[in-house]
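A.B. asks: This is the content of my_file28.cif (mmCIF, N, CA and C atoms):
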data_protein
#
loop_
_atom_site.label_atom_id
_atom_site.label_comp_id
_atom_site.auth_asym_id
_atom_site.auth_seq_id
_atom_site.Cartn_x
_atom_site.Cartn_y
_atom_site.Cartn_z
N MET A 1 110.20 110.52 55.25
CA MET A 1 110.12 109.44 56.21
C MET A 1 108.72 108.84 56.13
N SER A 2 108.64 107.54 56.13
CA SER A 2 107.35 106.89 55.99
C SER A 2 106.53 107.04 57.28
N THR A 3 105.24 106.92 57.13
CA THR A 3 104.33 107.06 58.26
C THR A 3 104.59 105.98 59.30
N ALA A 4 104.83 104.76 58.86
CA ALA A 4 105.07 103.66 59.81
C ALA A 4 106.32 103.92 60.64
N LEU A 5 107.37 104.38 60.00
CA LEU A 5 108.60 104.67 60.72
C LEU A 5 108.38 105.81 61.71
N TRP A 6 107.66 106.82 61.29
CA TRP A 6 107.35 107.95 62.16
C TRP A 6 106.56 107.49 63.39
N LEU A 7 105.59 106.60 63.18
CA LEU A 7 104.80 106.08 64.31
C LEU A 7 105.66 105.26 65.26
N ILE A 8 106.57 104.47 64.71
CA ILE A 8 107.46 103.66 65.56
C ILE A 8 108.37 104.57 66.39
N ILE A 9 108.89 105.60 65.80
CA ILE A 9 109.75 106.55 66.51
C ILE A 9 108.96 107.25 67.62
N ARG A 10 107.75 107.68 67.31
CA ARG A 10 106.92 108.35 68.33
C ARG A 10 106.58 107.40 69.45
N TRP A 11 106.19 106.17 69.12
CA TRP A 11 105.84 105.18 70.14
C TRP A 11 107.05 104.89 71.03
N SER A 12 108.23 104.75 70.43
CA SER A 12 109.44 104.51 71.20
C SER A 12 109.73 105.68 72.13
N GLY A 13 109.51 106.89 71.65
CA GLY A 13 109.72 108.08 72.48
C GLY A 13 108.77 108.11 73.67
N VAL A 14 107.52 107.79 73.43
CA VAL A 14 106.52 107.77 74.51
C VAL A 14 106.88 106.69 75.52
N ALA A 15 107.25 105.51 75.05
CA ALA A 15 107.60 104.41 75.96
C ALA A 15 108.82 104.78 76.79
N THR A 16 109.81 105.38 76.18
CA THR A 16 111.01 105.81 76.90
C THR A 16 110.67 106.87 77.93
N ALA A 17 109.86 107.82 77.55
CA ALA A 17 109.45 108.87 78.49
C ALA A 17 108.69 108.29 79.67
N SER A 18 107.85 107.30 79.42
CA SER A 18 107.08 106.67 80.49
C SER A 18 108.00 105.96 81.47
N VAL A 19 108.98 105.23 80.97
CA VAL A 19 109.94 104.53 81.83
C VAL A 19 110.72 105.53 82.66
N LEU A 20 111.18 106.60 82.05
CA LEU A 20 111.92 107.63 82.78
C LEU A 20 111.05 108.29 83.84
N PHE A 21 109.78 108.52 83.51
CA PHE A 21 108.85 109.12 84.46
C PHE A 21 108.70 108.23 85.68
N LYS A 22 108.54 106.92 85.46
CA LYS A 22 108.40 105.98 86.58
C LYS A 22 109.66 105.99 87.44
N LYS A 23 110.82 105.95 86.80
CA LYS A 23 112.08 105.94 87.56
C LYS A 23 112.23 107.21 88.38
N TRP A 24 111.71 108.30 87.91
CA TRP A 24 111.80 109.57 88.62
C TRP A 24 110.81 109.60 89.79
N LYS A 25 109.60 109.06 89.61
CA LYS A 25 108.57 109.12 90.63
C LYS A 25 108.66 108.01 91.68
N LEU A 26 109.08 106.80 91.30
CA LEU A 26 109.05 105.66 92.21
C LEU A 26 109.86 105.84 93.50
N PRO A 27 111.01 106.49 93.48
CA PRO A 27 111.72 106.66 94.75
C PRO A 27 110.91 107.43 95.81
N ARG A 28 109.94 108.20 95.39
CA ARG A 28 109.11 108.94 96.34
C ARG A 28 108.09 108.04 97.04
N LEU A 29 107.85 106.88 96.48
CA LEU A 29 106.89 105.92 97.04
C LEU A 29 107.67 104.99 97.96
N PRO A 30 107.37 104.99 99.26
CA PRO A 30 108.17 104.19 100.21
C PRO A 30 108.02 102.69 99.97
N ASP A 31 109.07 101.96 100.30
CA ASP A 31 109.02 100.50 100.23
C ASP A 31 108.23 99.96 101.42
N VAL A 32 107.51 98.87 101.17
CA VAL A 32 106.75 98.19 102.21
C VAL A 32 107.16 96.72 102.14
N THR A 33 107.76 96.20 103.22
CA THR A 33 108.19 94.81 103.22
C THR A 33 106.98 93.88 103.23
N GLU A 34 107.22 92.60 102.92
CA GLU A 34 106.13 91.63 102.95
C GLU A 34 105.51 91.55 104.34
N ASP A 35 106.35 91.54 105.38
CA ASP A 35 105.84 91.46 106.75
C ASP A 35 104.97 92.66 107.09
N GLN A 36 105.42 93.86 106.71
CA GLN A 36 104.61 95.06 106.95
C GLN A 36 103.29 94.98 106.20
N PHE A 37 103.35 94.55 104.95
CA PHE A 37 102.14 94.44 104.13
C PHE A 37 101.15 93.47 104.77
N LEU A 38 101.65 92.30 105.17
CA LEU A 38 100.79 91.30 105.80
C LEU A 38 100.16 91.83 107.08
N ARG A 39 100.97 92.48 107.92
CA ARG A 39 100.47 93.02 109.19
C ARG A 39 99.39 94.07 108.95
N LEU A 40 99.65 94.99 108.02
CA LEU A 40 98.67 96.04 107.71
C LEU A 40 97.38 95.45 107.13
N HIS A 41 97.51 94.46 106.28
CA HIS A 41 96.33 93.86 105.65
C HIS A 41 95.48 93.12 106.67
N LYS A 42 96.14 92.40 107.57
CA LYS A 42 95.41 91.59 108.55
C LYS A 42 94.70 92.45 109.60
N ILE A 43 95.04 93.71 109.71
CA ILE A 43 94.33 94.61 110.63
C ILE A 43 92.87 94.73 110.21
N ARG A 44 92.61 94.79 108.92
CA ARG A 44 91.25 95.00 108.40
C ARG A 44 90.59 93.75 107.83
N PHE A 45 91.38 92.80 107.35
CA PHE A 45 90.80 91.66 106.64
C PHE A 45 91.35 90.35 107.18
N ASP A 46 90.51 89.33 107.13
CA ASP A 46 90.93 87.99 107.52
C ASP A 46 91.17 87.18 106.25
N THR A 47 92.38 87.29 105.72
CA THR A 47 92.74 86.63 104.48
C THR A 47 94.04 85.86 104.72
N SER A 48 94.20 84.71 104.08
CA SER A 48 95.42 83.93 104.27
C SER A 48 96.62 84.68 103.70
N GLU A 49 97.78 84.44 104.33
CA GLU A 49 99.00 85.13 103.90
C GLU A 49 99.32 84.86 102.44
N ASN A 50 99.13 83.63 102.00
CA ASN A 50 99.42 83.27 100.61
C ASN A 50 98.54 84.07 99.65
N ARG A 51 97.25 84.17 99.95
CA ARG A 51 96.32 84.93 99.10
C ARG A 51 96.69 86.42 99.09
N ILE A 52 97.10 86.93 100.24
CA ILE A 52 97.47 88.35 100.33
C ILE A 52 98.66 88.64 99.43
N LEU A 53 99.70 87.82 99.52
CA LEU A 53 100.91 88.07 98.72
C LEU A 53 100.65 87.84 97.24
N GLU A 54 99.82 86.83 96.90
CA GLU A 54 99.44 86.63 95.50
C GLU A 54 98.71 87.86 94.98
N GLY A 55 97.79 88.39 95.78
CA GLY A 55 97.02 89.57 95.38
C GLY A 55 97.90 90.79 95.21
N ARG A 56 98.86 90.95 96.11
CA ARG A 56 99.79 92.09 96.01
C ARG A 56 100.56 92.02 94.70
N HIS A 57 101.06 90.82 94.37
CA HIS A 57 101.81 90.66 93.12
C HIS A 57 100.92 90.91 91.90
N PHE A 58 99.70 90.41 91.96
CA PHE A 58 98.73 90.60 90.87
C PHE A 58 98.49 92.09 90.60
N VAL A 59 98.24 92.86 91.66
CA VAL A 59 97.97 94.29 91.51
C VAL A 59 99.22 95.01 91.00
N ALA A 60 100.37 94.70 91.59
CA ALA A 60 101.62 95.35 91.18
C ALA A 60 101.92 95.10 89.70
N LYS A 61 101.73 93.86 89.28
CA LYS A 61 102.01 93.49 87.88
C LYS A 61 101.13 94.30 86.93
N HIS A 62 99.85 94.41 87.24
CA HIS A 62 98.94 95.12 86.34
C HIS A 62 99.16 96.64 86.34
N LEU A 63 99.66 97.17 87.44
CA LEU A 63 99.92 98.61 87.48
C LEU A 63 101.35 98.95 87.05
N GLY A 64 102.16 97.93 86.82
CA GLY A 64 103.54 98.16 86.39
C GLY A 64 104.41 98.72 87.51
N LEU A 65 104.12 98.32 88.74
CA LEU A 65 104.88 98.77 89.90
C LEU A 65 105.55 97.58 90.58
N PRO A 66 106.66 97.80 91.27
CA PRO A 66 107.24 96.71 92.06
C PRO A 66 106.31 96.34 93.23
N ASP A 67 106.27 95.08 93.58
CA ASP A 67 105.45 94.63 94.71
C ASP A 67 105.76 95.45 95.96
N SER A 68 107.03 95.74 96.16
CA SER A 68 107.48 96.41 97.38
C SER A 68 106.96 97.84 97.52
N LYS A 69 106.34 98.37 96.50
CA LYS A 69 105.83 99.75 96.56
C LYS A 69 104.35 99.80 96.94
N LEU A 70 103.70 98.64 97.08
CA LEU A 70 102.28 98.62 97.40
C LEU A 70 102.04 98.40 98.89
N SER A 71 101.02 99.08 99.40
CA SER A 71 100.58 98.93 100.78
C SER A 71 99.06 98.79 100.77
N PRO A 72 98.47 98.03 101.69
CA PRO A 72 97.03 97.78 101.65
C PRO A 72 96.15 99.02 101.71
N GLU A 73 96.60 100.07 102.38
CA GLU A 73 95.74 101.25 102.52
C GLU A 73 95.86 102.24 101.36
N GLN A 74 96.72 101.97 100.39
CA GLN A 74 96.88 102.89 99.27
C GLN A 74 95.65 102.88 98.38
N LYS A 75 95.19 104.07 98.04
CA LYS A 75 94.05 104.21 97.13
C LYS A 75 94.58 104.17 95.69
N PHE A 76 93.79 103.53 94.83
CA PHE A 76 94.20 103.42 93.43
C PHE A 76 94.35 104.79 92.78
N GLU A 77 93.46 105.71 93.09
CA GLU A 77 93.56 107.06 92.52
C GLU A 77 94.90 107.69 92.85
N TRP A 78 95.37 107.49 94.06
CA TRP A 78 96.65 108.07 94.49
C TRP A 78 97.81 107.36 93.79
N LEU A 79 97.72 106.04 93.60
CA LEU A 79 98.78 105.29 92.94
C LEU A 79 98.95 105.67 91.47
N ALA A 80 97.93 106.25 90.89
CA ALA A 80 97.99 106.61 89.46
C ALA A 80 99.18 107.50 89.15
N GLN A 81 99.58 108.33 90.09
CA GLN A 81 100.70 109.25 89.84
C GLN A 81 102.05 108.54 89.70
N PHE A 82 102.11 107.27 90.09
CA PHE A 82 103.37 106.53 90.04
C PHE A 82 103.43 105.50 88.92
N THR A 83 102.38 105.38 88.14
CA THR A 83 102.30 104.30 87.15
C THR A 83 102.71 104.71 85.74
N GLY A 84 103.34 105.83 85.58
CA GLY A 84 103.71 106.28 84.25
C GLY A 84 102.64 107.21 83.71
N PHE A 85 102.32 107.09 82.46
CA PHE A 85 101.31 107.95 81.86
C PHE A 85 99.90 107.44 82.14
N ALA A 86 98.93 108.29 81.99
CA ALA A 86 97.53 107.97 82.33
C ALA A 86 97.04 106.72 81.62
N THR A 87 97.44 106.54 80.39
CA THR A 87 96.94 105.36 79.66
C THR A 87 97.43 104.06 80.28
N GLU A 88 98.64 104.05 80.83
CA GLU A 88 99.14 102.84 81.48
C GLU A 88 98.30 102.51 82.70
N TYR A 89 97.95 103.52 83.47
CA TYR A 89 97.11 103.32 84.65
C TYR A 89 95.74 102.82 84.24
N GLU A 90 95.14 103.44 83.22
CA GLU A 90 93.80 103.06 82.77
C GLU A 90 93.78 101.63 82.24
N VAL A 91 94.79 101.26 81.48
CA VAL A 91 94.86 99.89 80.95
C VAL A 91 95.03 98.90 82.10
N GLY A 92 95.92 99.20 83.02
CA GLY A 92 96.14 98.31 84.17
C GLY A 92 94.89 98.14 85.01
N MET A 93 94.20 99.24 85.30
CA MET A 93 92.98 99.17 86.10
C MET A 93 91.87 98.45 85.33
N GLY A 94 91.82 98.64 84.03
CA GLY A 94 90.84 97.92 83.21
C GLY A 94 91.08 96.42 83.27
N ASP A 95 92.35 96.02 83.19
CA ASP A 95 92.69 94.59 83.28
C ASP A 95 92.33 94.03 84.65
N ILE A 96 92.61 94.81 85.70
CA ILE A 96 92.28 94.37 87.06
C ILE A 96 90.77 94.20 87.20
N GLU A 97 90.02 95.16 86.70
CA GLU A 97 88.56 95.09 86.79
C GLU A 97 88.02 93.88 86.02
N ASP A 98 88.56 93.63 84.83
CA ASP A 98 88.14 92.46 84.05
C ASP A 98 88.43 91.16 84.80
N GLU A 99 89.62 91.07 85.39
CA GLU A 99 89.99 89.88 86.15
C GLU A 99 89.06 89.69 87.35
N LEU A 100 88.77 90.78 88.07
CA LEU A 100 87.87 90.69 89.22
C LEU A 100 86.49 90.23 88.78
N ASN A 101 86.00 90.78 87.68
CA ASN A 101 84.69 90.36 87.16
C ASN A 101 84.69 88.87 86.83
N GLU A 102 85.74 88.39 86.21
CA GLU A 102 85.83 86.98 85.83
C GLU A 102 85.92 86.08 87.06
N ILE A 103 86.74 86.47 88.03
CA ILE A 103 86.89 85.66 89.25
C ILE A 103 85.57 85.59 90.01
N CYS A 104 84.88 86.73 90.11
CA CYS A 104 83.58 86.76 90.80
C CYS A 104 82.54 85.92 90.05
N ALA A 105 82.52 86.02 88.74
CA ALA A 105 81.57 85.24 87.94
C ALA A 105 81.82 83.74 88.11
N ASP A 106 83.09 83.34 88.08
CA ASP A 106 83.44 81.93 88.27
C ASP A 106 83.00 81.41 89.63
N ALA A 107 83.05 82.30 90.64
CA ALA A 107 82.67 81.91 92.00
C ALA A 107 81.18 82.05 92.24
N GLY A 108 80.47 82.62 91.27
CA GLY A 108 79.03 82.84 91.44
C GLY A 108 78.72 84.00 92.38
N LEU A 109 79.65 84.92 92.52
CA LEU A 109 79.46 86.08 93.40
C LEU A 109 79.18 87.33 92.59
N LYS A 110 78.51 88.27 93.22
CA LYS A 110 78.25 89.56 92.60
C LYS A 110 79.54 90.39 92.65
N VAL A 111 79.81 91.08 91.57
CA VAL A 111 80.99 91.95 91.51
C VAL A 111 80.78 93.11 92.47
N PRO A 112 81.77 93.41 93.31
CA PRO A 112 81.59 94.50 94.27
C PRO A 112 81.33 95.83 93.57
N SER A 113 80.37 96.56 94.12
CA SER A 113 80.04 97.88 93.57
C SER A 113 79.93 98.84 94.74
N PRO A 114 80.66 99.89 94.75
CA PRO A 114 81.63 100.32 93.74
C PRO A 114 82.90 99.47 93.78
N PHE A 115 83.73 99.66 92.77
CA PHE A 115 85.00 98.95 92.68
C PHE A 115 85.82 99.26 93.93
N PRO A 116 86.55 98.27 94.48
CA PRO A 116 87.35 98.52 95.68
C PRO A 116 88.28 99.72 95.50
N ALA A 117 88.31 100.58 96.51
CA ALA A 117 89.08 101.83 96.43
C ALA A 117 90.55 101.65 96.77
N THR A 118 90.87 100.64 97.58
CA THR A 118 92.25 100.47 98.02
C THR A 118 92.80 99.11 97.58
N VAL A 119 94.11 99.01 97.63
CA VAL A 119 94.79 97.76 97.29
C VAL A 119 94.30 96.64 98.21
N GLY A 120 94.21 96.91 99.51
CA GLY A 120 93.77 95.91 100.47
C GLY A 120 92.35 95.43 100.21
N GLU A 121 91.45 96.35 99.90
CA GLU A 121 90.06 95.97 99.62
C GLU A 121 89.98 95.07 98.38
N LEU A 122 90.76 95.41 97.36
CA LEU A 122 90.75 94.60 96.14
C LEU A 122 91.29 93.20 96.42
N ILE A 123 92.39 93.12 97.15
CA ILE A 123 92.97 91.81 97.47
C ILE A 123 91.96 90.99 98.27
N HIS A 124 91.28 91.61 99.20
CA HIS A 124 90.27 90.91 100.00
C HIS A 124 89.15 90.36 99.11
N GLU A 125 88.66 91.18 98.17
CA GLU A 125 87.58 90.74 97.28
C GLU A 125 88.04 89.59 96.38
N ILE A 126 89.26 89.67 95.88
CA ILE A 126 89.79 88.60 95.03
C ILE A 126 89.93 87.31 95.83
N ALA A 127 90.49 87.41 97.04
CA ALA A 127 90.69 86.24 97.88
C ALA A 127 89.35 85.61 98.26
N LYS A 128 88.38 86.46 98.57
CA LYS A 128 87.05 85.95 98.94
C LYS A 128 86.44 85.17 97.77
N ALA A 129 86.56 85.69 96.57
CA ALA A 129 86.02 85.00 95.39
C ALA A 129 86.78 83.72 95.10
N GLN A 130 88.09 83.74 95.24
CA GLN A 130 88.89 82.54 94.99
C GLN A 130 88.61 81.46 96.02
N ASP A 131 88.39 81.85 97.26
CA ASP A 131 88.08 80.87 98.31
C ASP A 131 86.70 80.27 98.15
N THR A 132 85.78 81.00 97.49
CA THR A 132 84.42 80.52 97.26
C THR A 132 84.37 79.52 96.12
N SER A 133 85.20 79.76 95.10
CA SER A 133 85.14 78.88 93.91
C SER A 133 85.85 77.58 94.11
#
What's the structure tokens form of this structure?

C.D. replies:
Amino acid sequence: MSTALWLIIRWSGVATASVLFKKWKLPRLPDVTEDQFLRLHKIRFDTSENRILEGRHFVAKHLGLPDSKLSPEQKFEWLAQFTGFATEYEVGMGDIEDELNEICADAGLKVPSPFPATVGELIHEIAKAQDTS
């Protein structure tokens, strides 16, 4: 068997295992409706509803999770257990960090340090930078 074919088979196996892992773990993560998410977010932050929902979708997309599984108080470290394999989480978080850096640079703002620990904090920082630019 050629090396390329062997690599494709291994990659397909890893991808399949990751999808199955997510399907097995995601039911343990409770659903959060848009209204619940907005209410929880507005307790700590003064951000427009449109920005909040855009931010929720942005984070969910990069972590490979459904929007309905995210809540503002969830810590990224804790969410890692639901995102498939470690590399998927690391890639998603790297993309989020790059996007935050770019949004802050475009707005002329300093990138928050340390990186926001929760979904809500990240959405707030993104919305603040977008509203400034």

A.B. asks: Suppose a student applies the PyMOL selection byres ((chain A and resi 89-97) around 8) to this structure; what residues should they get, written as a PyMOL selection string?

C.D. replies: chain A and resi 58-59+61-64+79-88+98-103+115

A.B. asks: Once 5 Å is added on each side, what centre and edge lengths in Å to one decimal does the axis-aligned box around all listed atoms of segment 93-97 of chain A have, as lines of an AutoDock Vina configuration file?

C.D. replies:
center_x = 91.1
center_y = 96.6
center_z = 85.2
size_x = 16.2
size_y = 15.4
size_z = 14.0

A.B. asks: Within 8 Å of Thr33 of chain A, counting only N, CA and C atoms, which residues show up once you throw out same-chain ones fewer than 5 positions away? Write them as a ChimeraX atom specification, please.

C.D. replies: /A:38-39,67-70

A.B. asks: Could you state the separation of atom CA of His41 of chain A and atom CA of Leu53 of chain A in Å, given to one decimal place?

C.D. replies: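 Here the two named atoms are 10.1 Å from each other.
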
A.B. asks: For atom CA of Pro72 of chain A and atom N of Asp35 of chain A, determine how far apart the two atoms are, in Å to one decimal place.

C.D. replies: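 Separating atom CA of Pro72 of chain A from atom N of Asp35 of chain A is a distance of 11.8 Å.
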